[in-house]
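One file, model.txt, is given below (compact mmCIF, C-alpha atoms and all ligand atoms).
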```txt
# COMPACT_ATOMS: atom_id res chain seq x y z
CA MET A 1 127.29 32.62 -31.68
CA ASN A 2 126.87 35.91 -29.86
CA ILE A 3 126.49 38.76 -32.37
CA VAL A 4 128.42 41.78 -31.10
CA LYS A 5 128.59 44.12 -34.09
CA GLU A 6 126.74 45.16 -37.21
CA LEU A 7 128.43 46.21 -40.43
CA LYS A 8 126.60 47.85 -43.29
CA PRO A 9 127.09 50.32 -46.15
CA THR A 10 126.00 53.85 -45.19
CA TYR A 11 123.33 53.80 -47.89
CA PHE A 12 121.49 50.93 -46.17
CA ASP A 13 119.26 52.94 -43.83
CA ASP A 14 118.21 55.34 -46.61
CA PHE A 15 116.26 52.69 -48.50
CA LYS A 16 112.50 53.00 -48.71
CA CYS A 17 110.37 51.05 -51.17
CA ILE A 18 108.72 53.50 -53.59
CA GLY A 19 105.78 51.14 -54.21
CA SER A 20 103.53 52.16 -57.09
CA GLU A 21 106.15 54.63 -58.40
CA CYS A 22 108.60 51.81 -59.00
CA GLU A 23 109.51 51.31 -62.67
CA ASP A 24 109.83 47.54 -62.06
CA THR A 25 108.29 45.40 -59.37
CA CYS A 26 109.74 42.70 -57.21
CA CYS A 27 106.45 40.77 -57.60
CA ALA A 28 107.09 39.87 -61.27
CA GLY A 29 109.69 38.54 -63.65
CA TRP A 30 111.31 35.84 -61.53
CA ASN A 31 110.55 32.97 -59.18
CA ILE A 32 109.54 34.08 -55.70
CA GLY A 33 110.78 31.51 -53.21
CA ILE A 34 108.79 30.70 -50.06
CA ASP A 35 110.65 29.59 -46.94
CA LYS A 36 109.67 26.30 -45.33
CA LYS A 37 108.02 27.84 -42.25
CA SER A 38 105.79 30.16 -44.32
CA PHE A 39 105.03 27.36 -46.78
CA LYS A 40 103.69 25.17 -43.95
CA LYS A 41 101.73 28.12 -42.53
CA TYR A 42 100.19 28.83 -45.96
CA ARG A 43 99.22 25.17 -46.31
CA LYS A 44 97.27 25.40 -43.04
CA GLU A 45 95.64 28.76 -43.80
CA THR A 46 91.99 28.90 -42.68
CA ASN A 47 90.97 32.45 -43.64
CA PRO A 48 88.42 31.97 -46.46
CA ASN A 49 89.79 35.02 -48.33
CA LEU A 50 93.16 33.37 -48.60
CA LYS A 51 92.73 29.62 -48.24
CA SER A 52 91.76 28.66 -51.78
CA LEU A 53 94.03 31.29 -53.36
CA LEU A 54 97.03 29.92 -51.48
CA GLN A 55 96.10 26.33 -52.29
CA LYS A 56 95.98 27.20 -55.99
CA ASN A 57 99.02 29.46 -56.17
CA VAL A 58 101.59 27.97 -53.84
CA SER A 59 103.57 24.92 -54.84
CA ARG A 60 106.53 22.95 -53.56
CA ASN A 61 109.90 23.67 -55.22
CA ARG A 62 111.57 20.27 -55.58
CA GLN A 63 114.77 21.78 -57.02
CA ALA A 64 115.34 23.98 -53.98
CA THR A 65 118.80 23.88 -52.51
CA SER A 66 117.84 25.65 -49.28
CA ASP A 67 114.84 25.98 -46.97
CA TYR A 68 114.49 29.60 -48.08
CA HIS A 69 113.15 28.32 -51.42
CA TYR A 70 111.13 25.38 -50.10
CA GLY A 71 108.06 26.51 -52.05
CA GLN A 72 107.17 29.12 -54.66
CA PHE A 73 104.31 31.31 -55.83
CA LYS A 74 102.72 30.62 -59.20
CA MET A 75 103.27 33.40 -61.74
CA ASP A 76 100.41 34.41 -64.05
CA ASP A 77 100.53 34.65 -67.85
CA GLN A 78 102.11 38.13 -67.55
CA ASP A 79 104.80 36.68 -65.28
CA LYS A 80 103.33 38.50 -62.23
CA CYS A 81 102.79 36.89 -58.83
CA SER A 82 99.38 35.27 -58.78
CA MET A 83 98.73 36.61 -55.27
CA LEU A 84 98.45 40.19 -56.58
CA ASN A 85 94.91 41.56 -56.86
CA GLU A 86 93.56 43.69 -59.73
CA GLU A 87 95.22 46.80 -58.27
CA ASN A 88 98.53 44.92 -58.11
CA LEU A 89 98.39 44.79 -54.32
CA CYS A 90 99.45 41.71 -52.39
CA THR A 91 96.44 39.69 -51.13
CA ILE A 92 98.43 38.09 -48.32
CA GLN A 93 99.52 41.45 -46.93
CA LEU A 94 96.04 42.98 -47.39
CA THR A 95 94.31 40.09 -45.63
CA SER A 96 96.72 39.12 -42.87
CA GLY A 97 99.21 41.97 -42.59
CA GLU A 98 102.95 42.28 -43.18
CA GLU A 99 103.76 39.57 -40.62
CA ALA A 100 102.14 36.98 -42.87
CA LEU A 101 104.58 37.60 -45.73
CA CYS A 102 107.19 34.94 -46.43
CA HIS A 103 110.90 35.59 -45.80
CA THR A 104 111.65 36.73 -49.39
CA CYS A 105 108.78 39.24 -49.51
CA THR A 106 109.61 40.54 -46.02
CA ILE A 107 113.26 41.31 -46.58
CA TYR A 108 113.67 42.09 -50.29
CA PRO A 109 115.78 43.96 -51.43
CA ARG A 110 117.62 43.85 -48.12
CA SER A 111 119.84 40.99 -47.20
CA ALA A 112 121.40 40.05 -43.89
CA LYS A 113 123.91 37.41 -42.94
CA SER A 114 126.09 36.77 -39.96
CA ILE A 115 129.73 35.89 -40.21
CA ASN A 116 130.96 34.72 -36.84
CA ASP A 117 130.17 37.48 -34.31
CA SER A 118 129.15 40.11 -36.85
CA ILE A 119 125.91 40.74 -38.71
CA GLU A 120 126.20 42.30 -42.16
CA LYS A 121 123.39 44.04 -44.02
CA SER A 122 123.22 45.23 -47.62
CA LEU A 123 120.86 45.93 -50.52
CA ASP A 124 120.50 44.17 -53.86
CA THR A 125 120.92 45.99 -57.19
CA SER A 126 117.98 44.06 -58.70
CA CYS A 127 115.65 46.63 -57.07
CA PRO A 128 115.71 49.96 -58.98
CA GLU A 129 115.45 52.15 -55.88
CA ALA A 130 118.22 50.21 -54.13
CA ALA A 131 120.29 50.34 -57.34
CA ARG A 132 120.05 54.15 -57.36
CA LEU A 133 121.38 54.34 -53.79
CA ILE A 134 124.17 51.87 -54.47
CA LEU A 135 125.34 52.97 -57.91
CA LEU A 136 124.98 56.74 -58.04
CA ASN A 137 127.03 57.77 -55.02
CA PRO A 138 129.87 59.84 -56.57
CA ASN A 139 132.11 59.41 -53.54
CA GLY A 140 131.98 55.61 -53.50
CA ILE A 141 130.45 53.25 -50.95
CA ASP A 142 131.37 53.76 -47.33
CA PHE A 143 130.69 51.37 -44.45
CA VAL A 144 129.76 51.83 -40.79
CA GLU A 145 130.03 49.58 -37.78
CA VAL A 146 127.22 50.02 -35.24
CA GLU A 147 125.55 48.27 -32.31
CA PRO A 148 123.85 45.16 -33.73
CA GLU A 149 120.14 45.20 -34.38
CA LEU A 150 119.05 41.67 -35.19
CA PRO A 151 116.39 41.36 -37.89
CA LYS A 152 113.07 39.75 -36.90
CA TYR A 153 113.42 37.31 -39.78
CA ASN A 154 115.87 34.43 -40.16
CA PHE A 155 119.18 35.20 -41.77
CA ALA A 156 121.98 33.05 -43.18
CA GLN A 157 124.64 32.26 -40.61
CA HIS A 158 128.20 31.53 -41.68
CA ARG A 159 130.86 30.18 -39.42
CA GLN A 160 134.53 30.58 -40.31
CA SER A 161 137.50 29.30 -38.33
CA ASP A 162 139.73 32.05 -36.87
CA GLU A 163 142.31 31.38 -39.57
CA GLN A 164 139.70 31.43 -42.32
CA ASN A 165 138.19 34.60 -40.86
CA GLN A 166 141.51 36.48 -40.90
CA TYR A 167 142.07 35.34 -44.48
CA PHE A 168 138.57 36.47 -45.47
CA TRP A 169 139.06 39.92 -43.90
CA ALA A 170 142.47 40.40 -45.56
CA ASN A 171 141.01 39.41 -48.94
CA ARG A 172 137.84 41.47 -48.71
CA MET A 173 139.55 44.60 -47.38
CA PHE A 174 142.11 44.30 -50.17
CA MET A 175 139.48 43.85 -52.91
CA ILE A 176 137.35 46.78 -51.72
CA SER A 177 140.38 49.08 -51.25
CA ALA A 178 141.74 48.17 -54.69
CA LEU A 179 138.34 48.64 -56.35
CA GLN A 180 138.08 52.12 -54.82
CA HIS A 181 141.63 53.13 -55.80
CA ARG A 182 140.52 55.69 -58.38
CA VAL A 183 143.97 56.71 -59.61
CA HIS A 184 143.76 54.00 -62.29
CA PRO A 185 141.02 52.87 -64.67
CA LEU A 186 138.73 50.17 -63.30
CA GLU A 187 140.21 47.53 -65.61
CA VAL A 188 143.68 48.11 -64.13
CA ARG A 189 142.33 47.76 -60.59
CA LEU A 190 140.59 44.50 -61.55
CA ILE A 191 143.77 43.09 -63.09
CA VAL A 192 145.79 43.89 -59.96
CA ILE A 193 143.14 42.09 -57.88
CA GLY A 194 143.40 39.18 -60.36
CA LEU A 195 147.19 39.01 -60.00
CA TYR A 196 146.78 38.86 -56.22
CA VAL A 197 144.18 36.07 -56.49
CA LYS A 198 146.43 34.22 -58.96
CA LYS A 199 149.30 34.44 -56.50
CA LEU A 200 147.08 32.91 -53.81
CA GLU A 201 145.90 30.23 -56.24
CA GLU A 202 149.52 29.17 -56.79
CA LEU A 203 150.04 28.60 -53.05
CA GLU A 204 149.03 25.56 -51.03
CA PRO A 205 145.74 26.33 -49.16
CA ALA A 206 147.44 26.43 -45.74
CA GLU A 207 150.11 28.81 -47.07
CA ARG A 208 147.42 31.17 -48.43
CA PHE A 209 146.22 31.84 -44.88
CA VAL A 210 149.77 32.67 -43.77
CA GLN A 211 150.64 34.98 -46.66
CA ALA A 212 147.38 36.81 -47.45
CA GLN A 213 147.95 39.81 -45.16
CA THR A 214 151.46 40.55 -46.45
CA LEU A 215 150.52 39.92 -50.08
CA SER A 216 147.44 42.13 -49.89
CA SER A 217 149.56 45.11 -48.66
CA GLN A 218 152.11 44.43 -51.38
CA TYR A 219 149.53 44.29 -54.19
CA LEU A 220 147.71 47.36 -52.88
CA ALA A 221 151.03 49.24 -53.00
CA TYR A 222 151.33 48.31 -56.71
CA LEU A 223 148.34 50.55 -57.30
CA ASP A 224 150.36 53.52 -56.01
CA ASP A 225 152.83 52.99 -58.83
CA ALA A 226 151.94 55.14 -61.85
CA ASN A 227 153.54 52.58 -64.21
CA ILE A 228 151.12 49.82 -63.24
CA THR A 229 148.70 50.90 -65.98
CA ASP A 230 151.36 50.29 -68.67
CA LEU A 231 152.14 46.88 -67.22
CA THR A 232 148.55 45.73 -67.05
CA THR A 233 147.74 46.88 -70.58
CA GLN A 234 150.38 44.40 -71.74
CA ILE A 235 148.04 41.58 -70.70
CA LYS A 236 146.58 40.69 -74.07
CA PRO A 237 142.86 39.99 -74.28
CA ASN A 238 141.86 36.47 -75.24
CA TYR A 239 139.18 37.24 -77.83
CA ASP A 240 138.34 33.58 -78.59
CA PHE A 241 137.43 33.04 -75.00
CA GLN A 242 135.57 36.37 -74.79
CA LYS A 243 133.65 35.38 -77.90
CA ALA A 244 132.53 32.05 -76.38
CA LEU A 245 131.23 33.77 -73.26
CA THR A 246 129.63 36.59 -75.23
CA LEU A 247 127.85 34.16 -77.56
CA PHE A 248 126.40 32.19 -74.67
CA PHE A 249 125.24 35.36 -72.95
CA LEU A 250 123.68 37.01 -75.99
CA LYS A 251 122.40 34.04 -77.92
CA ASP A 252 121.79 30.98 -75.75
CA PHE A 253 120.80 32.64 -72.50
CA SER A 254 117.26 33.88 -72.64
CA ALA A 255 115.98 35.83 -69.67
CA ARG A 256 112.37 36.31 -68.62
CA SER A 257 112.60 40.08 -68.87
CA SER A 258 111.78 41.62 -72.25
CA ARG A 259 113.80 44.69 -71.20
CA PHE A 260 116.87 42.52 -70.68
CA ASN A 261 116.30 40.60 -73.91
CA GLN A 262 116.08 43.89 -75.85
CA LEU A 263 119.43 45.08 -74.46
CA ALA A 264 120.98 41.70 -75.27
CA SER A 265 119.57 41.51 -78.78
CA CYS A 266 120.70 45.06 -79.57
CA THR A 267 124.18 44.10 -78.38
CA PHE A 268 124.07 40.93 -80.48
CA ASP A 269 123.31 43.02 -83.58
CA GLU A 270 126.22 45.37 -82.88
CA VAL A 271 128.86 42.75 -82.12
CA ASN A 272 130.43 41.15 -85.18
CA PHE A 273 130.62 37.41 -84.60
CA GLY A 274 131.99 36.75 -88.12
CA ASP A 275 134.83 34.32 -88.72
CA SER A 276 137.66 36.62 -87.78
CA THR A 277 138.67 37.42 -84.25
CA GLU A 278 139.76 40.88 -85.45
CA SER A 279 136.25 41.83 -86.54
CA PHE A 280 134.86 40.66 -83.19
CA ALA A 281 137.52 42.68 -81.34
CA GLN A 282 136.95 45.75 -83.51
CA SER A 283 133.21 45.74 -82.87
CA LEU A 284 133.87 45.75 -79.11
CA LEU A 285 136.34 48.59 -79.49
CA ASN A 286 133.95 50.74 -81.57
CA TYR A 287 132.14 52.10 -78.52
CA LYS A 288 134.92 51.59 -75.98
CA THR A 289 136.07 55.24 -75.93
CA GLN A 290 132.57 56.46 -75.21
CA TYR A 291 132.26 53.88 -72.42
CA ASP A 292 135.69 54.82 -70.98
CA GLN A 293 134.85 58.52 -70.96
CA SER A 294 131.63 58.24 -69.00
CA GLU A 295 132.67 59.13 -65.47
CA LEU A 296 129.17 58.36 -64.15
CA LEU A 297 129.36 54.85 -65.56
CA GLN A 298 132.86 54.20 -64.24
CA ILE A 299 131.74 55.22 -60.74
CA ALA A 300 128.55 53.14 -60.99
CA LEU A 301 130.53 50.06 -62.03
CA GLU A 302 132.98 50.55 -59.17
CA ASN A 303 130.06 50.86 -56.72
CA TYR A 304 128.39 47.78 -58.22
CA LEU A 305 131.56 45.70 -57.77
CA VAL A 306 132.20 46.99 -54.23
CA ASN A 307 128.63 46.16 -53.24
CA LEU A 308 128.87 42.68 -54.76
CA THR A 309 132.15 42.03 -52.95
CA PHE A 310 130.74 43.15 -49.61
CA ALA A 311 127.45 41.27 -49.99
CA GLU A 312 128.50 38.05 -51.71
CA TYR A 313 132.04 37.13 -50.81
CA ASN A 314 132.81 35.07 -47.76
CA GLU A 315 135.10 32.08 -47.56
CA SER A 316 132.59 29.71 -46.00
CA LYS A 317 130.26 30.22 -48.97
CA GLU A 318 132.61 30.64 -51.91
CA ASP A 319 136.42 30.84 -52.02
CA ILE A 320 138.15 33.92 -53.38
CA ILE A 321 139.04 32.20 -56.68
CA SER A 322 135.40 31.38 -57.49
CA PHE A 323 134.27 34.77 -56.24
CA TYR A 324 136.77 36.59 -58.46
CA THR A 325 135.41 34.65 -61.45
CA LEU A 326 131.89 35.80 -60.64
CA LEU A 327 133.04 39.39 -60.14
CA ILE A 328 134.87 39.60 -63.47
CA THR A 329 132.25 37.75 -65.49
CA ASN A 330 129.53 40.06 -64.24
CA PHE A 331 131.72 43.09 -64.90
CA SER A 332 132.62 42.05 -68.45
CA LEU A 333 129.03 41.17 -69.37
CA ILE A 334 127.59 44.42 -67.95
CA ARG A 335 130.29 46.33 -69.87
CA LEU A 336 129.30 44.39 -72.99
CA LEU A 337 125.67 45.54 -72.62
CA PHE A 338 126.84 49.17 -72.32
CA ILE A 339 129.18 48.86 -75.29
CA GLY A 340 126.55 47.05 -77.39
CA ASN A 341 124.00 49.77 -76.70
CA GLY A 342 126.55 52.59 -76.99
CA HIS A 343 125.03 53.89 -80.24
CA LYS A 344 121.74 54.52 -78.39
CA PHE A 345 122.96 55.44 -74.92
CA SER A 346 124.12 58.79 -73.58
CA TYR A 347 125.10 57.03 -70.34
CA THR A 348 122.64 58.97 -68.21
CA ASN A 349 121.91 58.01 -64.60
CA GLU A 350 118.63 56.42 -65.74
CA GLU A 351 120.27 54.26 -68.42
CA ILE A 352 123.05 53.19 -66.07
CA VAL A 353 120.67 52.22 -63.24
CA ALA A 354 118.20 50.49 -65.57
CA THR A 355 120.90 48.39 -67.28
CA ILE A 356 122.66 47.20 -64.12
CA GLN A 357 119.33 46.63 -62.35
CA ILE A 358 117.90 44.42 -65.08
CA PHE A 359 121.18 42.52 -65.45
CA SER A 360 121.13 41.82 -61.69
CA LYS A 361 117.50 40.72 -61.75
CA SER A 362 117.84 38.54 -64.83
CA CYS A 363 121.22 36.93 -64.22
CA LEU A 364 122.31 36.91 -60.62
CA HIS A 365 119.26 35.05 -59.36
CA ASN A 366 119.31 32.65 -62.30
CA THR A 367 121.06 29.29 -61.90
CA THR A 368 121.27 28.76 -65.70
CA TYR A 369 123.38 31.91 -65.99
CA ILE A 370 125.59 31.07 -63.01
CA ASN A 371 126.15 27.39 -63.96
CA ASN A 372 126.89 28.10 -67.62
CA VAL A 373 129.33 30.87 -66.82
CA LYS A 374 131.18 28.49 -64.48
CA LYS A 375 131.22 25.80 -67.20
CA ILE A 376 132.64 28.16 -69.85
CA ILE A 377 135.32 29.47 -67.50
CA SER A 378 136.46 25.96 -66.57
CA THR A 379 136.78 24.61 -70.12
CA LYS A 380 140.31 25.90 -70.79
CA GLN A 381 143.60 24.51 -69.69
CA TYR A 382 144.89 27.58 -67.82
CA SER A 383 144.26 28.17 -64.14
CA GLN A 384 140.82 29.56 -63.36
CA THR A 385 142.19 32.96 -62.38
CA SER A 386 144.40 33.31 -65.50
CA GLN A 387 141.38 32.40 -67.57
CA THR A 388 139.28 35.02 -65.79
CA ILE A 389 141.90 37.78 -66.16
CA ASN A 390 141.65 37.23 -69.94
CA LEU A 391 138.18 38.77 -69.84
CA ILE A 392 139.23 42.15 -68.51
CA ASN A 393 141.15 43.94 -71.26
CA ILE A 394 139.48 44.51 -74.61
S1 LIG A 401 111.60 46.54 -56.69
FE1 LIG A 401 112.22 47.77 -54.88
S2 LIG A 401 111.23 49.81 -55.07
FE2 LIG A 401 110.27 48.35 -56.54
S3 LIG A 401 108.47 47.59 -55.46
FE3 LIG A 401 110.13 46.10 -55.06
S4 LIG A 401 111.18 46.79 -53.15
FE4 LIG A 401 109.85 48.50 -53.89
```

I need this file expressed as structure tokens, please.
Amino acid sequence: MNIVKELKPTYFDDFKCIGSECEDTCCAGWNIGIDKKSFKKYRKETNPNLKSLLQKNVSRNRQATSDYHYGQFKMDDQDKCSMLNEENLCTIQLTSGEEALCHTCTIYPRSAKSINDSIEKSLDTSCPEAARLILLNPNGIDFVEVEPELPKYNFAQHRQSDEQNQYFWANRMFMISALQHRVHPLEVRLIVIGLYVKKLEELEPAERFVQAQTLSSQYLAYLDDANITDLTTQIKPNYDFQKALTLFFLKDFSARSSRFNQLASCTFDEVNFGDSTESFAQSLLNYKTQYDQSELLQIALENYLVNLTFAEYNESKEDIISFYTLLITNFSLIRLLFIGNGHKFSYTNEEIVATIQIFSKSCLHNTTYINNVKKIISTKQYSQTSQTINLINI
């Protein structure tokens, strides 16, 4: 496919890795996947400064679902990449230059994918410096279309039929416009998106393609109605379901990051999981006002969701119903971490960036998190979207 345009958020070109000043590092705390081409190159390495190190520290990843994770680096007992030297510098880069880095280490935290004739670039909130650019923009994320500049590295290529592509554009434009519709609280905007997705879910797949454009204009217009807030607050929260998800997230899911585990354990101590649903609900509500009143946090969450929608949703990878589930689950669990740490937080820029960054690093690249969330969502009898909407109001 001939790539004729490039679409990216305006923050994209401002990113620069801050190296040793970074409060985290992308070389620790998770698995670093090695693409197949680099893996084979590393296996044939002849440079004596690298050969034995690579032989010892590079292994095949038999669980990989794509060639981008064909192999992986061994992590040391501090969960740091074993290719780092004593000054925490990368031995591969020092010995053979940037060109010798694998795909993950070359692009992170950037990501690029093509959808039909367009290449799309974005940044990932798991990097603190990228998270600052994404989350702290008070005016919301804006996008630009420019002449395409193809990356030197491989990028994922998605192909959608014309019909599927129109449907995807209608859905994504609608979700981003609704998320940025600041007249209403974020929860209201998310419910209106949910009602739109539910409407699509009720239609036969072929009919969804036909109706998406008209429906998206209609649901966007609902956000211009001042009464929509009253209507959406009538959607009662399902606390039993929220409790099941919260328990998994805080108790059974253990991340590799001690920073994440501290936030989760503090939240666990604050949330009352006693027998009654009322006590569980009340403990969530205790810090809700403080959370609602933080304008910085509300903007950061909007920017987080807009970025996720732009970077992660496309119909050839995941349909809108599954994507909406991911969007809302992430939102409700990030909100839970802020509410659970509300007695300690003043909701400063630093706390907001650090919390969303460590959530992204610990959860969004973790298949245990993703698979369990999907399992919990699909255990009830309602439709997936109705089930998901139940997570929004508290
Ligand atoms: S996490 Fe981001 S800022 Fe930190 S070292 Fe990695 S790329 Fe640089």

* Please, what distance in Å, to one decimal, runs between atom CA of Gln211 of chain A and atom CA of Ile141 of chain A? ->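 Computing the Euclidean distance for atom CA of Gln211 of chain A and atom CA of Ile141 of chain A yields 27.6 Å.
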
* What does the distance from atom CA of Ile176 of chain A to atom CA of Thr348 of chain A come to in Å, to one decimal? ->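 These atoms are spaced 25.2 Å apart.
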
* Test item: residues lying within 10 Å of ligand LIG 401 (chain A) with all atoms listed in the file, as number ranges by chain -> A: 15-28, 105-110, 123-131, 357, 361

* To do: Tell me which of A:Leu203, A:Val146, A:Ile328, A:Ile228 sits closest to His184 of chain A, counting all atoms listed in the file.
  => A:Ile228

* **Å distance separating atom CA of Lys199 of chain A from atom CA of Gln180 of chain A, one decimal place** =>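 Atom-to-atom, atom CA of Lys199 of chain A to atom CA of Gln180 of chain A, that is 21.0 Å.
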
* Looking at all atoms listed in the file, which of A:Gln166, A:Ser258, A:Asn303, A:Ser66 is the one that sits closest to His181 of chain A? ->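 Comparing A:Gln166, A:Ser258, A:Asn303, A:Ser66 against His181 of chain A, the winner is A:Asn303.
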